[in-house]
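K.L.:
Let me give you the structure first, and then I'll get to my questions.
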Amino acid sequence: MAKWVYLFKEGNADMKNLLGGKGANLAEMTNLGLPIPQGFTVTTEACTDYYDKGKQISDEIKGQIFDALKVLEEQQGKEFGNVDDPLLVSVRSGARASMPGMMDTILNLGLNDESVEGFAKKTGNARFAYDSYRRFIQMFSDVVMEVSKSKFEKVLEGIKEAKGVHDDTDLDADDLKDVIVKFKDLYKKELGTDFPQNPVDQLMEAVKAVFRSWDNPRAIVYRRMNDIPGNWGTAVSVQAMVFGNMGNTSGTGVAFTRNPSTGEKGIFGEYLINAQGEDVVAGIRTPQPITQLEKDLPECFAEFMKIANKLEEHYKDMQDMEFTIQEGRLFFLQTRNGKRTAHAAIHIACDLVDEGKIDEKTAVLRIDAKALDQLLHPTFDTEALKAGKVLGSALPASPGAAAGRVYFTAEDAKNHNDAGERVILVRKETSPEDIEGMSAAEGILTVRGGMTSHAAVVARGMGTACVSGCGEIKIDEADKYFELGGEVIKEGDYISLDGSTGDIYLGDIQTTEASISGNFHRLMDWADKYRKLKVRTNADTPSDAENAIKLGAEGIGLCRTEHMFFEPERIPKIRRMILSKTVEDREEALNELIPYQKGDFKAIYEVMEGHPVTIRFLDPPLHEFLPTEEEDIIALAEDMGITPEEVKETCESLHEFNPMMGHRGCRLAVTYPEIAKMQTRAVMEAAIEVNAEKGLNIVPEIMIPLVGERKELKFVKDIVVETAETVKQEKGSDIKYMIGTMIEIPRAALLADEIAAEAEFFSFGTNDLTQMTFGFSRDDAGKFLDAYYKNKIYESDPFARLDQSGVGQLVQIAVERGRKGRPEIKLGICGEHGGDPSSVEFCHQVGLDYVSCSPFRVPIARLAAAQAAIKQADAKK
Ligand code: PEP
Ligand code: MG
């Protein structure tokens, strides 16, 4: 019989895949002898089984849950469902990877109308008992039955208002009884049934709800953003309750062993006296700093610090801990490696190396490569900031500078961002449903919530600037405006947020680029020591190239030459070239373009100082260059001595039904060899001149795009060779050069051995390769991919994360066959996947020589490449 349920004492920290992060760590803490309320974990495999069986929990799993519950009853000396002294439990989710706010928690489960009376008598604290029950009704209704908790909050607000009090803690036992009656009425009104009174039903429904929450839309979005596979499932931990809401010697809190924003060593956290867990994370009451605990309950604080240090020592990483104090007794409810900003992650990793707790390789593995993006985020321009009007200030919850138009719902924020606006999401408080709006926002501002509130935790994870807990704001979410600092800010108005200081500004303040710290370079040096893949950049301008070099690029893997033709003085010339009716006219127009193109190449070569530069010949369909505005058409007609009608006719004749699969790539050079000649001349002359001027030894790499057939490549290559040799002769140069191709058509991947006979290098153009393999337009797939995610057909965007099973197979085939055709062939990738960590890992595994990505993703690729190499070496051990 399979084992579906583990008591805490039966597990350990290595069982994350089965018990989830939370379950595994609770087991580990139990083994360490720490004060943990005991319980059991229903495994992730049980979750998968639940889905396999059409969302049913099998009798075998149920039986094991009841057996574990029996053991827990014995341990606690209390009976589940007993009316005089009931055992109460919490039910919490825990996937392999922590997914903050994605899964839901239910506390105080096991209470009903009868046992709440017994519980009140037994504890001698009626207020506490009714408070626990009303919380349970609210949480169960929200998490299990999906009745919005705001409806319950409204009822609670109404009762507080009627009584003229501000805080929940000002309500007494009788008030809470009233709350319970009204909550149950609401439940019945919303769902048509009475609130469930049988604790076993409550438990089974709660377990199912946690399983279901694995697949709620916000969990699916979070998984997509964090590369978490949909088949992992979540575990469920059932734990005996301890109570932080038993009065003023009770409380609950969240703390980190190091500062999750800055990485600074030292305890950092918040707690609330007389409260239950969700009060702290939900941000409904504004919590106290953890240091206040030392004054309120010094013995608890001392014990807390001892255990916190022990946990960090044990896991050798910064811990994020939840604790509860029940009448002066401290319990730990969970620990995990804390989420942190990229800046903090690097600071902590370097400190841990210096403290001798981890080695360099571990430090490299500790950093989420994608999160490095955060370090490259903007800050405010100092001068612009001085002129800005400060509206107010609140908690600096997630660093970075952000400016944009204000929107009050996640949906509005997302829609306006989709329409191209920079947006700031302003909310009373955020909840997991807001994830897409948060991710679309430049910055997030909340009225409620502390540094560990949902908004703060999620924004830090995303690297989005966030200012939270701004109680001074008077917000009207329905009419979409807020008041702060004497100003009324309406939907669509600009504000700016400084997530590092907590300041909120009126208007659209200019931002400046981020700068990186010494620790960053230290970490990058370690990464460079262990990686095997080279990292190049995709850059078309000297300034992009310069930027990429600063970020560690070792060459240019893709210089898209078409981007050089869009400047105002160049575009008429390329238009003339396209519209030319004779080869002579075309050559004449191209000759005028040579100096520009050569100048661009020279500037790039100079910046790259001898690092390899791959120049990709003209690729897009020609009509992309053609005029559409009347004035441009007239200007072009005048320039060419033809009528505007003739221009229009030619433009129309170039129209294609399917331009992405049309007259583009090397097909342009097959029809108009003079284009390839011009580009070859520009590349060769530029390299020869820069070599002479700067004493460099540049070996130009000429890349022919969109090849699908060896003879096609050979045709273009012959033109390139002939021109290059002519230039060499003219200049008396013996410069070396290389000719290679992109692999971006499935046929080229399949016939890679033949194609390699003509190519000294391959660069995988996985943007087109993905487009051609899926048959999805790379420009339009976004319109229907959402439906694919919702229906669990695809989990992630194949244009962002390489589809390893399909497109990846073509890459692998091309690598093998390419090397068969030419053993010394150089292999790289220059599609967008070159800067995506999971795709970089794949590139390492299939044995590419380099990846190439946009300049700001170069550090991500360097780190991801090192992580791939270290993981592979570790797996071999
Ligand atoms: C590609 O197709 O992956 C590629 C890098 O070329 P482009 O994006 O310019 O088509
Ligand atoms: Mg392409």
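FYI, nothing fancy with the structure tokens labels: chains A, B, ... in order, residues from 1 per chain, ligands from 1 as they appear.
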Give the residues close to ligand 2, within 6 Å, counting only C-alpha atoms and all ligand atoms; write them as a PyMOL selection string.

P.N.:
chain A and resi 765+767-768

K.L.:
Taking only C-alpha atoms and all ligand atoms into account, report as an MDAnalysis selection string which residues have an atom no farther than 7 Å from an atom of ligand 1.

P.N.:
chainID A and resid 560 619 744 764:769 830:832

K.L.:
Could you pull the residues within 8 Å of region 504-514 of chain A, counting only C-alpha atoms, minus those fewer than 3 positions along the same chain, as a PyMOL selection string?

P.N.:
chain A and resi 375-381+384-385+388-394+401-404+467+493-498

K.L.:
In Å, with one decimal, what is the gap from CA of Ser213 (chain A) to CA of Met99 (chain A)?

P.N.:
11.4 Å

K.L.:
Tell me, which residues of region 273-482 of chain A carry DSSP helix (DSSP H, G or I), written as a PyMOL selection string?

P.N.:
chain A and resi 277-282+291-296+298-315+342-354+360-366+369-376+382-387+410-418+432-440+454-462
